[in-house]
Amino acid sequence: MSAVLELPFRPDPQLTEVMRLRVQSLQQRGQTRQDGERLLRANEAVYRLDFSQQALRFSHWTVQLSQPGRLTITATSQLWTPDLTHLMTRQLLEPAGVFWSAKGSDHNAALHCYEADAQEFGERIADLAKVRKVMYFLFAFEEGCNPESVDCSIIFTLDN
């Protein structure tokens, strides 16, 4: 039997703040973003995964929303070095993971997602883990979802 590894997505408040300051700075100076630059939106925050192992095989997502809403998780490519460059749209990976629960649904009701996209997204993360120790993600909180209502991790099996 293969060993299982659960990695929680952790907020990166420092990087989120740096990206918010970039937006604020542009607004205060009346400037526009660089061509192709991806600015952080008000409903987004930066999260990270820290890989303690590199040889991983995607198993499944564990996403819980404590209230109705929609969570969209978008990964950034290994080409983005947040300490050196601004995030560019070309550095966002597809597909994104989209998870939601409908208004009026039971708190214990199953969470919905685009299953094929979620599977492909998880597999891409496992592939990128082979060459990365840390990976950054944009979490977009919509339709009543907020950071306090989300608990999200990804489950891998370890390749031997």
# chains A, B, ... in the order shown; residues from 1 in each chain; ligands from 1
>>> residues_around(residues="Arg90 (chain A)", least_positions_apart="4", cutoff="12 Å", atoms="only C-alpha atoms", output="count of residues only")
12
>>> select_by_dssp(residues="region 111-142 of chain A", states="strand (DSSP E)", output="PDB file with all heavy atoms, in the first residue's frame")
ATOM      1  N   HIS A 112     -19.504  20.705  -4.998  1.00  0.00           N
ATOM      2  CA  HIS A 112     -19.474  20.506  -6.442  1.00  0.00           C
ATOM      3  C   HIS A 112     -18.139  20.990  -7.004  1.00  0.00           C
ATOM      4  O   HIS A 112     -17.516  21.897  -6.451  1.00  0.00           O
ATOM      5  CB  HIS A 112     -20.608  21.288  -7.117  1.00  0.00           C
ATOM      6  CG  HIS A 112     -21.955  20.952  -6.599  1.00  0.00           C
ATOM      7  ND1 HIS A 112     -22.632  19.810  -6.954  1.00  0.00           N
ATOM      8  CD2 HIS A 112     -22.762  21.605  -5.727  1.00  0.00           C
ATOM      9  CE1 HIS A 112     -23.791  19.775  -6.335  1.00  0.00           C
ATOM     10  NE2 HIS A 112     -23.895  20.854  -5.573  1.00  0.00           N
ATOM     11  N   CYS A 113     -17.733  20.387  -8.120  1.00  0.00           N
ATOM     12  CA  CYS A 113     -16.551  20.855  -8.834  1.00  0.00           C
ATOM     13  C   CYS A 113     -16.635  20.364 -10.260  1.00  0.00           C
ATOM     14  O   CYS A 113     -17.438  19.497 -10.588  1.00  0.00           O
ATOM     15  CB  CYS A 113     -15.263  20.372  -8.176  1.00  0.00           C
ATOM     16  SG  CYS A 113     -14.949  18.596  -8.335  1.00  0.00           S
ATOM     17  N   VAL A 134       8.150  24.847  -3.442  1.00  0.00           N
ATOM     18  CA  VAL A 134       7.016  25.693  -3.080  1.00  0.00           C
ATOM     19  C   VAL A 134       6.263  26.049  -4.350  1.00  0.00           C
ATOM     20  O   VAL A 134       6.870  26.261  -5.394  1.00  0.00           O
ATOM     21  CB  VAL A 134       7.484  27.005  -2.402  1.00  0.00           C
ATOM     22  CG1 VAL A 134       6.301  27.929  -2.116  1.00  0.00           C
ATOM     23  CG2 VAL A 134       8.253  26.723  -1.137  1.00  0.00           C
ATOM     24  N   MET A 135       4.950  26.099  -4.235  1.00  0.00           N
ATOM     25  CA  MET A 135       4.121  26.502  -5.364  1.00  0.00           C
ATOM     26  C   MET A 135       3.099  27.510  -4.856  1.00  0.00           C
ATOM     27  O   MET A 135       2.561  27.353  -3.756  1.00  0.00           O
ATOM     28  CB  MET A 135       3.436  25.271  -5.956  1.00  0.00           C
ATOM     29  CG  MET A 135       2.796  25.500  -7.275  1.00  0.00           C
ATOM     30  SD  MET A 135       2.367  23.895  -8.018  1.00  0.00           S
ATOM     31  CE  MET A 135       1.470  24.493  -9.422  1.00  0.00           C
ATOM     32  N   TYR A 136       2.845  28.553  -5.664  1.00  0.00           N
ATOM     33  CA  TYR A 136       1.920  29.611  -5.273  1.00  0.00           C
ATOM     34  C   TYR A 136       0.612  29.505  -6.054  1.00  0.00           C
ATOM     35  O   TYR A 136       0.605  29.092  -7.219  1.00  0.00           O
ATOM     36  CB  TYR A 136       2.549  30.989  -5.496  1.00  0.00           C
ATOM     37  CG  TYR A 136       3.751  31.212  -4.623  1.00  0.00           C
ATOM     38  CD1 TYR A 136       5.039  30.988  -5.099  1.00  0.00           C
ATOM     39  CD2 TYR A 136       3.589  31.627  -3.307  1.00  0.00           C
ATOM     40  CE1 TYR A 136       6.139  31.177  -4.287  1.00  0.00           C
ATOM     41  CE2 TYR A 136       4.693  31.810  -2.485  1.00  0.00           C
ATOM     42  CZ  TYR A 136       5.961  31.587  -2.984  1.00  0.00           C
ATOM     43  OH  TYR A 136       7.049  31.757  -2.173  1.00  0.00           O
ATOM     44  N   PHE A 137      -0.467  29.916  -5.399  1.00  0.00           N
ATOM     45  CA  PHE A 137      -1.807  29.836  -5.969  1.00  0.00           C
ATOM     46  C   PHE A 137      -2.577  31.111  -5.670  1.00  0.00           C
ATOM     47  O   PHE A 137      -2.372  31.727  -4.625  1.00  0.00           O
ATOM     48  CB  PHE A 137      -2.587  28.665  -5.351  1.00  0.00           C
ATOM     49  CG  PHE A 137      -1.941  27.337  -5.590  1.00  0.00           C
ATOM     50  CD1 PHE A 137      -0.905  26.902  -4.787  1.00  0.00           C
ATOM     51  CD2 PHE A 137      -2.361  26.522  -6.625  1.00  0.00           C
ATOM     52  CE1 PHE A 137      -0.289  25.681  -5.005  1.00  0.00           C
ATOM     53  CE2 PHE A 137      -1.751  25.306  -6.856  1.00  0.00           C
ATOM     54  CZ  PHE A 137      -0.710  24.878  -6.043  1.00  0.00           C
ATOM     55  N   LEU A 138      -3.467  31.474  -6.594  1.00  0.00           N
ATOM     56  CA  LEU A 138      -4.420  32.541  -6.327  1.00  0.00           C
ATOM     57  C   LEU A 138      -5.737  31.886  -5.934  1.00  0.00           C
ATOM     58  O   LEU A 138      -6.264  31.053  -6.675  1.00  0.00           O
ATOM     59  CB  LEU A 138      -4.636  33.412  -7.568  1.00  0.00           C
ATOM     60  CG  LEU A 138      -3.429  34.175  -8.105  1.00  0.00           C
ATOM     61  CD1 LEU A 138      -3.848  35.029  -9.294  1.00  0.00           C
ATOM     62  CD2 LEU A 138      -2.784  35.025  -7.026  1.00  0.00           C
ATOM     63  N   PHE A 139      -6.254  32.228  -4.778  1.00  0.00           N
ATOM     64  CA  PHE A 139      -7.566  31.770  -4.338  1.00  0.00           C
ATOM     65  C   PHE A 139      -8.531  32.923  -4.546  1.00  0.00           C
ATOM     66  O   PHE A 139      -8.321  34.013  -3.988  1.00  0.00           O
ATOM     67  CB  PHE A 139      -7.549  31.407  -2.843  1.00  0.00           C
ATOM     68  CG  PHE A 139      -7.100  30.012  -2.533  1.00  0.00           C
ATOM     69  CD1 PHE A 139      -6.030  29.424  -3.183  1.00  0.00           C
ATOM     70  CD2 PHE A 139      -7.750  29.274  -1.557  1.00  0.00           C
ATOM     71  CE1 PHE A 139      -5.615  28.139  -2.883  1.00  0.00           C
ATOM     72  CE2 PHE A 139      -7.351  27.989  -1.239  1.00  0.00           C
ATOM     73  CZ  PHE A 139      -6.281  27.414  -1.911  1.00  0.00           C
ATOM     74  N   ALA A 140      -9.566  32.711  -5.352  1.00  0.00           N
ATOM     75  CA  ALA A 140     -10.603  33.715  -5.565  1.00  0.00           C
ATOM     76  C   ALA A 140     -11.849  33.275  -4.805  1.00  0.00           C
ATOM     77  O   ALA A 140     -12.355  32.166  -5.014  1.00  0.00           O
ATOM     78  CB  ALA A 140     -10.905  33.861  -7.055  1.00  0.00           C
ATOM     79  N   PHE A 141     -12.319  34.141  -3.923  1.00  0.00           N
ATOM     80  CA  PHE A 141     -13.478  33.858  -3.079  1.00  0.00           C
ATOM     81  C   PHE A 141     -14.679  34.601  -3.650  1.00  0.00           C
ATOM     82  O   PHE A 141     -14.650  35.828  -3.759  1.00  0.00           O
ATOM     83  CB  PHE A 141     -13.200  34.317  -1.646  1.00  0.00           C
ATOM     84  CG  PHE A 141     -11.941  33.714  -1.071  1.00  0.00           C
ATOM     85  CD1 PHE A 141     -10.747  34.415  -1.068  1.00  0.00           C
ATOM     86  CD2 PHE A 141     -11.951  32.432  -0.540  1.00  0.00           C
ATOM     87  CE1 PHE A 141      -9.588  33.860  -0.544  1.00  0.00           C
ATOM     88  CE2 PHE A 141     -10.799  31.861  -0.015  1.00  0.00           C
ATOM     89  CZ  PHE A 141      -9.623  32.577  -0.012  1.00  0.00           C
ATOM     90  N   GLU A 142     -15.730  33.843  -4.005  1.00  0.00           N
ATOM     91  CA  GLU A 142     -16.885  34.455  -4.663  1.00  0.00           C
ATOM     92  C   GLU A 142     -18.190  33.910  -4.099  1.00  0.00           C
ATOM     93  O   GLU A 142     -18.215  32.842  -3.474  1.00  0.00           O
ATOM     94  CB  GLU A 142     -16.836  34.156  -6.171  1.00  0.00           C
ATOM     95  CG  GLU A 142     -15.554  34.647  -6.822  1.00  0.00           C
ATOM     96  CD  GLU A 142     -15.378  34.110  -8.234  1.00  0.00           C
ATOM     97  OE1 GLU A 142     -15.158  32.899  -8.376  1.00  0.00           O
ATOM     98  OE2 GLU A 142     -15.471  34.921  -9.165  1.00  0.00           O
TER      99      GLU A 142
END
>>> residues_around(residues="Phe99 (chain A)", least_positions_apart="5", cutoff="10 Å", atoms="only C-alpha atoms", output="number ranges by chain")
A: 63-65, 69-73, 111-115, 118
>>> atom_distance(atom1="CA of Pro11 (chain A)", atom2="CA of Val46 (chain A)")
6.1 Å
>>> select_by_dssp(residues="chain A", states="alpha helix (DSSP H)", output="PyMOL selection string")
chain A and resi 13-29+115-129
>>> write_last_selection(atoms="N, CA and C atoms", output="mmCIF file, in the first residue's frame")
data_model
loop_
_atom_site.group_PDB
_atom_site.id
_atom_site.type_symbol
_atom_site.label_atom_id
_atom_site.label_comp_id
_atom_site.auth_asym_id
_atom_site.auth_seq_id
_atom_site.Cartn_x
_atom_site.Cartn_y
_atom_site.Cartn_z
ATOM 1 N N PRO A 13 0.205 35.662 3.728
ATOM 2 C CA PRO A 13 -0.227 37.050 3.933
ATOM 3 C C PRO A 13 0.788 38.086 3.468
ATOM 4 N N GLN A 14 2.079 37.774 3.566
ATOM 5 C CA GLN A 14 3.104 38.736 3.135
ATOM 6 C C GLN A 14 3.044 38.957 1.635
ATOM 7 N N LEU A 15 2.973 37.879 0.855
ATOM 8 C CA LEU A 15 2.925 38.010 -0.596
ATOM 9 C C LEU A 15 1.604 38.643 -1.037
ATOM 10 N N THR A 16 0.516 38.297 -0.357
ATOM 11 C CA THR A 16 -0.776 38.917 -0.663
ATOM 12 C C THR A 16 -0.685 40.425 -0.442
ATOM 13 N N GLU A 17 -0.085 40.825 0.669
ATOM 14 C CA GLU A 17 0.042 42.254 0.976
ATOM 15 C C GLU A 17 0.918 42.968 -0.053
ATOM 16 N N VAL A 18 2.016 42.362 -0.461
ATOM 17 C CA VAL A 18 2.886 42.959 -1.482
ATOM 18 C C VAL A 18 2.103 43.178 -2.776
ATOM 19 N N MET A 19 1.295 42.188 -3.146
ATOM 20 C CA MET A 19 0.530 42.312 -4.392
ATOM 21 C C MET A 19 -0.591 43.354 -4.246
ATOM 22 N N ARG A 20 -1.178 43.476 -3.076
ATOM 23 C CA ARG A 20 -2.194 44.515 -2.841
ATOM 24 C C ARG A 20 -1.549 45.912 -2.881
ATOM 25 N N LEU A 21 -0.346 46.030 -2.324
ATOM 26 C CA LEU A 21 0.362 47.309 -2.359
ATOM 27 C C LEU A 21 0.700 47.714 -3.789
ATOM 28 N N ARG A 22 0.978 46.752 -4.630
ATOM 29 C CA ARG A 22 1.248 47.043 -6.048
ATOM 30 C C ARG A 22 0.018 47.685 -6.688
ATOM 31 N N VAL A 23 -1.162 47.117 -6.434
ATOM 32 C CA VAL A 23 -2.409 47.667 -6.973
ATOM 33 C C VAL A 23 -2.627 49.082 -6.437
ATOM 34 N N GLN A 24 -2.455 49.230 -5.128
ATOM 35 C CA GLN A 24 -2.651 50.531 -4.479
ATOM 36 C C GLN A 24 -1.685 51.577 -5.035
ATOM 37 N N SER A 25 -0.442 51.209 -5.238
ATOM 38 C CA SER A 25 0.568 52.116 -5.764
ATOM 39 C C SER A 25 0.195 52.587 -7.164
ATOM 40 N N LEU A 26 -0.249 51.670 -8.003
ATOM 41 C CA LEU A 26 -0.655 52.046 -9.365
ATOM 42 C C LEU A 26 -1.839 53.004 -9.327
ATOM 43 N N GLN A 27 -2.815 52.721 -8.460
ATOM 44 C CA GLN A 27 -3.995 53.577 -8.357
ATOM 45 C C GLN A 27 -3.620 54.975 -7.871
ATOM 46 N N GLN A 28 -2.769 55.044 -6.861
ATOM 47 C CA GLN A 28 -2.380 56.342 -6.292
ATOM 48 C C GLN A 28 -1.628 57.205 -7.289
ATOM 49 N N ARG A 29 -0.840 56.567 -8.138
ATOM 50 C CA ARG A 29 -0.063 57.316 -9.125
ATOM 51 C C ARG A 29 -0.789 57.479 -10.452
ATOM 52 N N GLU A 115 -15.150 18.060 -12.301
ATOM 53 C CA GLU A 115 -14.307 16.919 -11.928
ATOM 54 C C GLU A 115 -13.115 16.698 -12.844
ATOM 55 N N ALA A 116 -13.320 16.787 -14.155
ATOM 56 C CA ALA A 116 -12.210 16.549 -15.084
ATOM 57 C C ALA A 116 -11.129 17.621 -14.905
ATOM 58 N N ASP A 117 -11.550 18.875 -14.745
ATOM 59 C CA ASP A 117 -10.582 19.956 -14.530
ATOM 60 C C ASP A 117 -9.860 19.779 -13.201
ATOM 61 N N ALA A 118 -10.598 19.418 -12.142
ATOM 62 C CA ALA A 118 -9.986 19.229 -10.834
ATOM 63 C C ALA A 118 -8.956 18.101 -10.879
ATOM 64 N N GLN A 119 -9.272 17.026 -11.593
ATOM 65 C CA GLN A 119 -8.340 15.903 -11.735
ATOM 66 C C GLN A 119 -7.076 16.333 -12.490
ATOM 67 N N GLU A 120 -7.270 17.007 -13.626
ATOM 68 C CA GLU A 120 -6.126 17.464 -14.414
ATOM 69 C C GLU A 120 -5.283 18.467 -13.623
ATOM 70 N N PHE A 121 -5.946 19.348 -12.908
ATOM 71 C CA PHE A 121 -5.263 20.349 -12.092
ATOM 72 C C PHE A 121 -4.402 19.663 -11.025
ATOM 73 N N GLY A 122 -4.960 18.683 -10.334
ATOM 74 C CA GLY A 122 -4.208 17.947 -9.317
ATOM 75 C C GLY A 122 -3.014 17.221 -9.907
ATOM 76 N N GLU A 123 -3.188 16.633 -11.089
ATOM 77 C CA GLU A 123 -2.087 15.929 -11.746
ATOM 78 C C GLU A 123 -0.968 16.900 -12.145
ATOM 79 N N ARG A 124 -1.342 18.099 -12.591
ATOM 80 C CA ARG A 124 -0.324 19.096 -12.959
ATOM 81 C C ARG A 124 0.470 19.532 -11.739
ATOM 82 N N ILE A 125 -0.231 19.696 -10.612
ATOM 83 C CA ILE A 125 0.457 20.079 -9.382
ATOM 84 C C ILE A 125 1.458 18.994 -8.992
ATOM 85 N N ALA A 126 1.054 17.729 -9.094
ATOM 86 C CA ALA A 126 1.962 16.619 -8.778
ATOM 87 C C ALA A 126 3.179 16.640 -9.702
ATOM 88 N N ASP A 127 2.972 16.933 -10.991
ATOM 89 C CA ASP A 127 4.095 17.020 -11.931
ATOM 90 C C ASP A 127 5.042 18.155 -11.556
ATOM 91 N N LEU A 128 4.468 19.311 -11.226
ATOM 92 C CA LEU A 128 5.304 20.458 -10.877
ATOM 93 C C LEU A 128 6.041 20.252 -9.561
ATOM 94 N N ALA A 129 5.480 19.437 -8.666
ATOM 95 C CA ALA A 129 6.141 19.159 -7.384
ATOM 96 C C ALA A 129 7.490 18.482 -7.596
#
>>> atom_distance(atom1="CA of Lys133 (chain A)", atom2="CA of Trp61 (chain A)")
19.5 Å
>>> decode(residues="region 1-12 of chain A", atoms="all heavy atoms", output="PDB file, in the first residue's frame")
ATOM      1  N   MET A   1       0.835  -1.180   0.000  1.00  0.00           N
ATOM      2  CA  MET A   1       0.000   0.000   0.000  1.00  0.00           C
ATOM      3  C   MET A   1       0.880   1.244   0.000  1.00  0.00           C
ATOM      4  O   MET A   1       1.856   1.341   0.742  1.00  0.00           O
ATOM      5  CB  MET A   1      -0.909  -0.021   1.227  1.00  0.00           C
ATOM      6  CG  MET A   1      -1.818   1.149   1.311  1.00  0.00           C
ATOM      7  SD  MET A   1      -3.084   0.825   2.557  1.00  0.00           S
ATOM      8  CE  MET A   1      -3.933   2.348   2.472  1.00  0.00           C
ATOM      9  N   SER A   2       0.529   2.225  -0.814  1.00  0.00           N
ATOM     10  CA  SER A   2       1.305   3.464  -0.927  1.00  0.00           C
ATOM     11  C   SER A   2       1.037   4.383   0.255  1.00  0.00           C
ATOM     12  O   SER A   2      -0.070   4.443   0.775  1.00  0.00           O
ATOM     13  CB  SER A   2       0.926   4.200  -2.213  1.00  0.00           C
ATOM     14  OG  SER A   2       1.256   3.440  -3.330  1.00  0.00           O
ATOM     15  N   ALA A   3       2.064   5.098   0.638  1.00  0.00           N
ATOM     16  CA  ALA A   3       1.914   6.096   1.697  1.00  0.00           C
ATOM     17  C   ALA A   3       1.139   7.289   1.153  1.00  0.00           C
ATOM     18  O   ALA A   3       1.230   7.622  -0.030  1.00  0.00           O
ATOM     19  CB  ALA A   3       3.278   6.525   2.187  1.00  0.00           C
ATOM     20  N   VAL A   4       0.383   7.921   2.025  1.00  0.00           N
ATOM     21  CA  VAL A   4      -0.449   9.058   1.645  1.00  0.00           C
ATOM     22  C   VAL A   4       0.121  10.325   2.278  1.00  0.00           C
ATOM     23  O   VAL A   4       0.593  10.305   3.417  1.00  0.00           O
ATOM     24  CB  VAL A   4      -1.908   8.834   2.109  1.00  0.00           C
ATOM     25  CG1 VAL A   4      -2.760  10.051   1.872  1.00  0.00           C
ATOM     26  CG2 VAL A   4      -2.499   7.621   1.412  1.00  0.00           C
ATOM     27  N   LEU A   5       0.095  11.421   1.526  1.00  0.00           N
ATOM     28  CA  LEU A   5       0.571  12.710   2.009  1.00  0.00           C
ATOM     29  C   LEU A   5      -0.507  13.757   1.767  1.00  0.00           C
ATOM     30  O   LEU A   5      -0.928  13.957   0.629  1.00  0.00           O
ATOM     31  CB  LEU A   5       1.864  13.104   1.281  1.00  0.00           C
ATOM     32  CG  LEU A   5       2.474  14.455   1.644  1.00  0.00           C
ATOM     33  CD1 LEU A   5       2.968  14.450   3.087  1.00  0.00           C
ATOM     34  CD2 LEU A   5       3.614  14.781   0.695  1.00  0.00           C
ATOM     35  N   GLU A   6      -0.953  14.407   2.838  1.00  0.00           N
ATOM     36  CA  GLU A   6      -1.931  15.492   2.713  1.00  0.00           C
ATOM     37  C   GLU A   6      -1.204  16.809   2.913  1.00  0.00           C
ATOM     38  O   GLU A   6      -0.542  17.019   3.927  1.00  0.00           O
ATOM     39  CB  GLU A   6      -3.047  15.358   3.741  1.00  0.00           C
ATOM     40  CG  GLU A   6      -4.070  16.480   3.642  1.00  0.00           C
ATOM     41  CD  GLU A   6      -5.254  16.309   4.556  1.00  0.00           C
ATOM     42  OE1 GLU A   6      -5.261  15.380   5.382  1.00  0.00           O
ATOM     43  OE2 GLU A   6      -6.193  17.115   4.444  1.00  0.00           O
ATOM     44  N   LEU A   7      -1.318  17.695   1.912  1.00  0.00           N
ATOM     45  CA  LEU A   7      -0.676  19.001   1.992  1.00  0.00           C
ATOM     46  C   LEU A   7      -1.747  20.087   2.060  1.00  0.00           C
ATOM     47  O   LEU A   7      -2.531  20.239   1.132  1.00  0.00           O
ATOM     48  CB  LEU A   7       0.225  19.244   0.781  1.00  0.00           C
ATOM     49  CG  LEU A   7       1.429  18.323   0.636  1.00  0.00           C
ATOM     50  CD1 LEU A   7       2.191  18.645  -0.633  1.00  0.00           C
ATOM     51  CD2 LEU A   7       2.345  18.454   1.848  1.00  0.00           C
ATOM     52  N   PRO A   8      -1.771  20.842   3.142  1.00  0.00           N
ATOM     53  CA  PRO A   8      -2.749  21.928   3.243  1.00  0.00           C
ATOM     54  C   PRO A   8      -2.272  23.163   2.475  1.00  0.00           C
ATOM     55  O   PRO A   8      -1.075  23.464   2.438  1.00  0.00           O
ATOM     56  CB  PRO A   8      -2.802  22.210   4.742  1.00  0.00           C
ATOM     57  CG  PRO A   8      -1.442  21.820   5.238  1.00  0.00           C
ATOM     58  CD  PRO A   8      -0.997  20.674   4.355  1.00  0.00           C
ATOM     59  N   PHE A   9      -3.213  23.844   1.858  1.00  0.00           N
ATOM     60  CA  PHE A   9      -2.913  25.142   1.261  1.00  0.00           C
ATOM     61  C   PHE A   9      -2.840  26.141   2.403  1.00  0.00           C
ATOM     62  O   PHE A   9      -3.726  26.212   3.239  1.00  0.00           O
ATOM     63  CB  PHE A   9      -4.017  25.549   0.280  1.00  0.00           C
ATOM     64  CG  PHE A   9      -3.993  24.769  -0.997  1.00  0.00           C
ATOM     65  CD1 PHE A   9      -4.662  23.563  -1.095  1.00  0.00           C
ATOM     66  CD2 PHE A   9      -3.308  25.245  -2.104  1.00  0.00           C
ATOM     67  CE1 PHE A   9      -4.647  22.842  -2.276  1.00  0.00           C
ATOM     68  CE2 PHE A   9      -3.284  24.528  -3.286  1.00  0.00           C
ATOM     69  CZ  PHE A   9      -3.956  23.325  -3.372  1.00  0.00           C
ATOM     70  N   ARG A  10      -1.758  26.913   2.436  1.00  0.00           N
ATOM     71  CA  ARG A  10      -1.563  27.878   3.513  1.00  0.00           C
ATOM     72  C   ARG A  10      -1.590  29.297   2.936  1.00  0.00           C
ATOM     73  O   ARG A  10      -0.954  29.566   1.919  1.00  0.00           O
ATOM     74  CB  ARG A  10      -0.229  27.646   4.195  1.00  0.00           C
ATOM     75  CG  ARG A  10      -0.111  26.274   4.817  1.00  0.00           C
ATOM     76  CD  ARG A  10       1.143  26.171   5.677  1.00  0.00           C
ATOM     77  NE  ARG A  10       1.428  24.826   6.090  1.00  0.00           N
ATOM     78  CZ  ARG A  10       0.788  24.154   7.031  1.00  0.00           C
ATOM     79  NH1 ARG A  10      -0.228  24.706   7.635  1.00  0.00           N
ATOM     80  NH2 ARG A  10       1.126  22.922   7.355  1.00  0.00           N
ATOM     81  N   PRO A  11      -2.298  30.199   3.627  1.00  0.00           N
ATOM     82  CA  PRO A  11      -2.279  31.593   3.165  1.00  0.00           C
ATOM     83  C   PRO A  11      -0.864  32.146   3.229  1.00  0.00           C
ATOM     84  O   PRO A  11      -0.079  31.767   4.107  1.00  0.00           O
ATOM     85  CB  PRO A  11      -3.185  32.326   4.150  1.00  0.00           C
ATOM     86  CG  PRO A  11      -3.779  31.313   5.045  1.00  0.00           C
ATOM     87  CD  PRO A  11      -3.081  30.011   4.832  1.00  0.00           C
ATOM     88  N   ASP A  12      -0.539  33.026   2.300  1.00  0.00           N
ATOM     89  CA  ASP A  12       0.742  33.729   2.314  1.00  0.00           C
ATOM     90  C   ASP A  12       0.426  35.217   2.479  1.00  0.00           C
ATOM     91  O   ASP A  12       0.340  35.956   1.488  1.00  0.00           O
ATOM     92  CB  ASP A  12       1.520  33.466   1.033  1.00  0.00           C
ATOM     93  CG  ASP A  12       2.957  33.951   1.119  1.00  0.00           C
ATOM     94  OD1 ASP A  12       3.191  35.015   1.729  1.00  0.00           O
ATOM     95  OD2 ASP A  12       3.848  33.269   0.580  1.00  0.00           O
TER      96      ASP A  12
END
